[in-house]
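Structure first, then comments.
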Amino acid sequence: MDPFNAIVIAVFLPFILAWTLPVLYRVFKQRIGWISALIAFTCFVLNAQVIPYAMAGTPVKGSFNWLPAAGLSLDFYGDGMAVLLALIVSGVGVIIMSYSNGYMSTKEDLPRYYQWLLLFMGAMLGIAYTDNTIQMFIFWELTSITSFMLIGYWRERPESVYGATKAFLITAGGGLLMFAGFLMLRVVTGTYGISEVAQSSELLSTLHGSPFYVAVLVLIFLGAASKSAQGPFYIWLPNAMEAPTPVSAFLHSATMVKAGVYLVARMHPILSGTPEWLIFVSGTGMITMVMAGFMAFRQTDIKAILAYSTISQLAYLMTMYGYSTAENPGLGFAAATFHLLNHSTFKATLFLVAGIVAHEATTRDIRKLGGLRKEMPKTFIVAVIAAASMAGVPPLNGFLSKEMFYETSLEIGHLVGGPWVYIFPAVAVAGGVFTLMYSIKLIDGIFLGHRTHDHDVPHHIHDAPWVMLAPAVFLVGLIIFFGIYPRFPIEVLVWPAYEGLVPDAEHLHVALWHGITTPLLMTIATFAIGIVLYKFYDSIAAWQNSFNEKLPWISVNYWYDAIVNNAKEITHKFAALTQPGPIGVYAKVTVLFMIFLIFWPVYKFGIGMGIGVGNILPAGINYNAQPYEIVLYSLMILAALGAALLPRYLPAVISLSELGFLVSLLYIYLKAPDLAMTQVCVETLSTIIFILVLMKIPQKFKEPMPAGKVMVNLLISGVVTFGVLAVMLNANIEVLPPFQTFNYYFIEKALEMTGGLNVVNVIVVDFRGYDTLGEISVLSLAALGVYSLILSRAKKVKGGKE
């Protein structure tokens, strides 16, 4: 198959087939999970077809017309980095959907569960292969929406709803900041294309010399940090653990949290090589790496420990991708990319183990567990290998990428100089020490020691069935294989990604043994310090709990909850200030603003062109009018006066309605039948609503209006009327540019710009699409209002009366 077609099918196949699952469920029942796994496997095979092109350094690219008038197309770009992420997404997707067949109860809403998994996978594949920023934003927000549905899958649980809402607010909010950065990037470079900017030295020079460079960098990085739970945005990930464990393994260890890291990698050739990049990306990564690793100590839920370990490991990646200078822009890129692959293997395994333990022991509280090595020997072996890889124990794959991290930390320290020669390696070792400590805690707390026979934990626990254990065993096989034979993942996956995004990339030499080197000594120091400090693990956790109880405001969660929980009260106070109640106040503010909009341009441009304020009404106006025009305008004036002066509500409303119908006649006279139709419909519905409301209120005005208030209202309305008249009379002279008829423009451009032959339809749907949308909204709201009023009359009220 053509590789470009393979990319397109891989991206859109999950979106298309996800909607068939409810129908397929009627036939396959609980086996629907295997159908979903087959779809994911198909996507994996399609993605694998792009590997040879990525290895050869010839990215697969192509596009489809989307919005040519706006300069937008659907652009897909399959280079080494894109293929790496796509294979992780689809490969882990196969594993997770297979695992879910044993984990998810048959009583669950399985079609909904697998639907959202497939939709999420399609959105992530879209992120991997997209080649323009607008398209990236669309797929980005699709991952936020689908993850919201997956985190809140158990929507009857308040914790799930809280976690889903929190994740959505933070990741979608960060996405909006990222979108602003994309728009600024477009303003500076003149294109939405990602690879186009990355491969153009002229555009890169323009961007780096622009005063907007820092703003672009910060905004895009904030979007990436929010998605990958970095910096203060980390708070959503622990609460997202309320999702089913397979969802956590898929979204929050292997795929969605990688989206932010992937964006940083994709933007690396565009934004890296500057001090600002090093400060923002690596600085945020180093702080998050240490803080998240430290905060993992006080967690007692297995998935919470894994959540904080994920935040810390993602910070490893951010830190390494941030290692960049003008002389060596891609210093940490290869190490980060290799660790991105390795992290997906060992962290997904640990989440699957957490699901197995929770499934068999009915708890995730590590304080209630222990001694499971005898009852779950297979799970114990799998967990030990995965945790050892995360801790960087040789000969596993985590050791290799951790060594590369230490090596690049030494190099960036020497390049920056000063105290940073020691700070960068020291922070790296600190992150490694914390990783080792919580890795030991996972194994020690779950499998070693003795279990306190809590009444919530079954007395007889055993290994999970192979449908759950086999996916974890397969991942453990990859952990061992990548560690013992790193040449395969390096040459097939890591090197193509590294070479494709880093200019003048040096060939990678990765091996288990390079002799006695400084990175090896740092690894030995990590193990020694971590093992010694592990004795104080529980004491450190107790101190953290005590500290948080005394100073709760120091937590980012405290401020998030305060803002969200107080949002209603804050907005109520704001509304009370800006909307005091009387409609007259709103009307006066509105018309006063209209006065400003009318007279400021007239004054600004009129005076500059020698037209004084006293000469606003132009001379030589032709006041000739046909008799029927005079009759129509006179009736409109009389209707308006009736609406304002009649002392009863019902006659005033009828007079106002009459004015509306006369306006529709004016539209017909001006050859605007669509506006006339809309006006008639809206006026009819509005009159019905008014009359229904009048049945509930007195029929006479009871509020006397003081003479001063009357004069103010007359003054404001008179000024507005005069302003509108002045603008209309000057429309064809020097104050405003001369208006030209639009009919020729629409006739000439209809087919060219929209492809439509019916000019009227083209005007309504394309050229005036927003106006038409507004008209439809007005009609819909009016119809819903009338329907609600009619329905309310049909319902019985208390006491049995209708």
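Following the order of the structure tokens, chains are lettered A, B, ..., residues in each are numbered from 1, and ligands are numbered from 1.
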Q: Show which residues sit within 10 Å of A:Glu108, as a PyMOL selection string. Count only C-alpha atoms, and ignore same-chain residues fewer than 4 positions away.
A: chain A and resi 30+104+112-113+153-154
(Q) What's around A:Ala315 at 12 Å? Count only C-alpha atoms, leave out sequence neighbours fewer than 5 positions away in its own chain, and write the answer as a PyMOL selection string. (A) chain A and resi 224-225+228-231+234+257-258+260-261+264+281-293+308-310+320-322+336+339-340+343+405+427-428+431-432+435
With only C-alpha atoms counted and 10 Å as the cut-off, give the residues of stretch 44-151 of chain A in contact with stretch 1-16 of chain A, each with its shortest interatomic distance in Å and the pair that gives it, as CSV.
residue,atom,partner,partner_atom,distance
A:Phe44,CA,A:Ala10,CA,7.8
A:Val45,CA,A:Ala10,CA,8.8
A:Leu46,CA,A:Ala6,CA,5.2
A:Asn47,CA,A:Ile7,CA,6.5
A:Ala48,CA,A:Ala6,CA,9.2
A:Gln49,CA,A:Pro3,CA,6.3
A:Val50,CA,A:Pro3,CA,5.7
A:Ile51,CA,A:Pro3,CA,9.4
A:Pro52,CA,A:Pro3,CA,9.7
A:Tyr53,CA,A:Pro3,CA,8.4
A:Pro59,CA,A:Phe4,CA,9.7
A:Val60,CA,A:Phe4,CA,6.0
A:Lys61,CA,A:Phe4,CA,6.4
A:Gly62,CA,A:Phe4,CA,6.7
A:Ser63,CA,A:Phe4,CA,9.3
A:Asp75,CA,A:Val8,CA,10.0
A:Phe76,CA,A:Ile7,CA,7.7
A:Tyr77,CA,A:Phe4,CA,8.5
A:Gly78,CA,A:Ile7,CA,7.5
A:Val83,CA,A:Ile7,CA,9.4
A:Ala86,CA,A:Ala10,CA,9.1
A:Ser90,CA,A:Ala10,CA,9.1
A:Gln115,CA,A:Pro14,CA,8.6
A:Trp116,CA,A:Phe15,CA,9.5
A:Leu117,CA,A:Pro14,CA,9.0
A:Leu118,CA,A:Pro14,CA,5.2
A:Leu119,CA,A:Phe15,CA,5.4
A:Phe120,CA,A:Pro14,CA,8.5
A:Met121,CA,A:Pro14,CA,7.0
A:Gly122,CA,A:Val11,CA,5.2
A:Ala123,CA,A:Val11,CA,7.4
A:Met124,CA,A:Val11,CA,8.4
A:Leu125,CA,A:Val11,CA,5.4
A:Gly126,CA,A:Val11,CA,5.6
A:Ile127,CA,A:Val11,CA,9.2
A:Ala128,CA,A:Val11,CA,9.2
A:Tyr129,CA,A:Ile7,CA,7.5
A:Thr130,CA,A:Val11,CA,9.8
Requested write-out: C-alpha atoms of the selected residues, as a compact mmCIF listing (two decimals), in the first residue's frame:
# COMPACT_ATOMS: atom_id res chain seq x y z
CA PHE A 44 -0.28 -0.66 13.94
CA VAL A 45 0.36 -2.59 10.71
CA LEU A 46 -0.44 0.51 8.64
CA ASN A 47 1.95 2.60 10.72
CA ALA A 48 4.67 -0.02 10.40
CA GLN A 49 4.59 0.40 6.62
CA VAL A 50 6.06 3.88 7.05
CA ILE A 51 9.13 2.60 8.96
CA PRO A 52 11.31 1.93 5.86
CA TYR A 53 10.75 5.46 4.59
CA PRO A 59 9.45 11.41 5.10
CA VAL A 60 6.07 10.48 3.70
CA LYS A 61 3.98 13.60 3.13
CA GLY A 62 0.87 14.76 1.36
CA SER A 63 -2.17 16.94 1.77
CA ASP A 75 -1.36 18.03 5.84
CA PHE A 76 0.15 14.73 6.92
CA TYR A 77 3.86 14.16 7.50
CA GLY A 78 5.35 10.81 8.42
CA VAL A 83 6.19 6.95 13.21
CA ALA A 86 2.20 6.33 16.08
CA SER A 90 -1.31 1.86 18.18
CA GLN A 115 -15.67 3.65 21.31
CA TRP A 116 -13.91 6.34 23.31
CA LEU A 117 -10.69 4.33 23.37
CA LEU A 118 -10.69 4.11 19.57
CA LEU A 119 -11.61 7.78 19.16
CA PHE A 120 -8.79 8.73 21.50
CA MET A 121 -6.34 6.56 19.58
CA GLY A 122 -7.37 8.20 16.31
CA ALA A 123 -6.86 11.66 17.80
CA MET A 124 -3.39 10.71 19.03
CA LEU A 125 -2.46 9.31 15.62
CA GLY A 126 -3.66 12.60 14.15
CA ILE A 127 -1.29 14.48 16.47
CA ALA A 128 1.55 12.20 15.43
CA TYR A 129 1.14 12.73 11.70
CA THR A 130 -0.20 16.27 11.41
Q: Enumerate the residues of stretch 448-585 of chain A with a DSSP assignment of helix (DSSP H, G or I), computed from the backbone, and present them as a VMD selection string.
A: chain A and resid 466 to 484 487 to 501 518 to 534 537 to 550 552 to 554 556 to 565 567 to 578 583 to 585
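With only C-alpha atoms as the atoms that count, the residue of A:Glu196, A:Gly223, A:Lys166, A:Ile689 with the shortest distance to A:Met178 is A:Gly223.
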Q: Find the distance between atom CA of A:Val502 and atom CA of A:Pro329 and write it in Å to one decimal.
A: 7.5 Å
Q.
Quick one: residues within 7 Å of stretch 491-493 of chain A, only C-alpha atoms, excluding same-chain residues fewer than 5 positions away - as an MDAnalysis selection string?
A. chainID A and resid 55 80 84
Those residues you just picked out, can you put them in a file as an mmCIF file, in the first residue's frame with N, CA, C and O atoms?
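result_3.cif, written as the output of this step:
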data_model
loop_
_atom_site.group_PDB
_atom_site.id
_atom_site.type_symbol
_atom_site.label_atom_id
_atom_site.label_comp_id
_atom_site.auth_asym_id
_atom_site.auth_seq_id
_atom_site.Cartn_x
_atom_site.Cartn_y
_atom_site.Cartn_z
ATOM 1 N N MET A 55 13.376 5.306 8.060
ATOM 2 C CA MET A 55 14.770 4.862 8.192
ATOM 3 C C MET A 55 15.625 5.377 7.039
ATOM 4 O O MET A 55 16.816 5.660 7.215
ATOM 5 N N GLY A 80 10.472 10.059 11.142
ATOM 6 C CA GLY A 80 10.817 9.107 12.191
ATOM 7 C C GLY A 80 10.112 9.374 13.506
ATOM 8 O O GLY A 80 9.660 8.447 14.186
ATOM 9 N N LEU A 84 7.400 6.888 15.327
ATOM 10 C CA LEU A 84 7.669 6.393 16.674
ATOM 11 C C LEU A 84 6.442 6.564 17.566
ATOM 12 O O LEU A 84 6.000 5.612 18.232
#
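In terms of minimum interatomic distance to A:Gly102, A:Ala470 ranks closest within A:Leu177, A:Leu369, A:Ala470, A:Ala587, counting only C-alpha atoms.
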Q.
So that I can see what lies close to A:Pro269, please list as a PyMOL selection string the residues with an atom at most 12 Å from it, counting only C-alpha atoms and leaving out residues fewer than 6 positions away in the same chain.
A. chain A and resi 194-201+203-205+207-208+263+277+321-322+324-326+328-330+333+498-505
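When only C-alpha atoms are used to measure the gap to A:Phe294, the shortest distance among A:Gly483, A:Asn743, A:Leu773, A:Ile311 belongs to A:Ile311.
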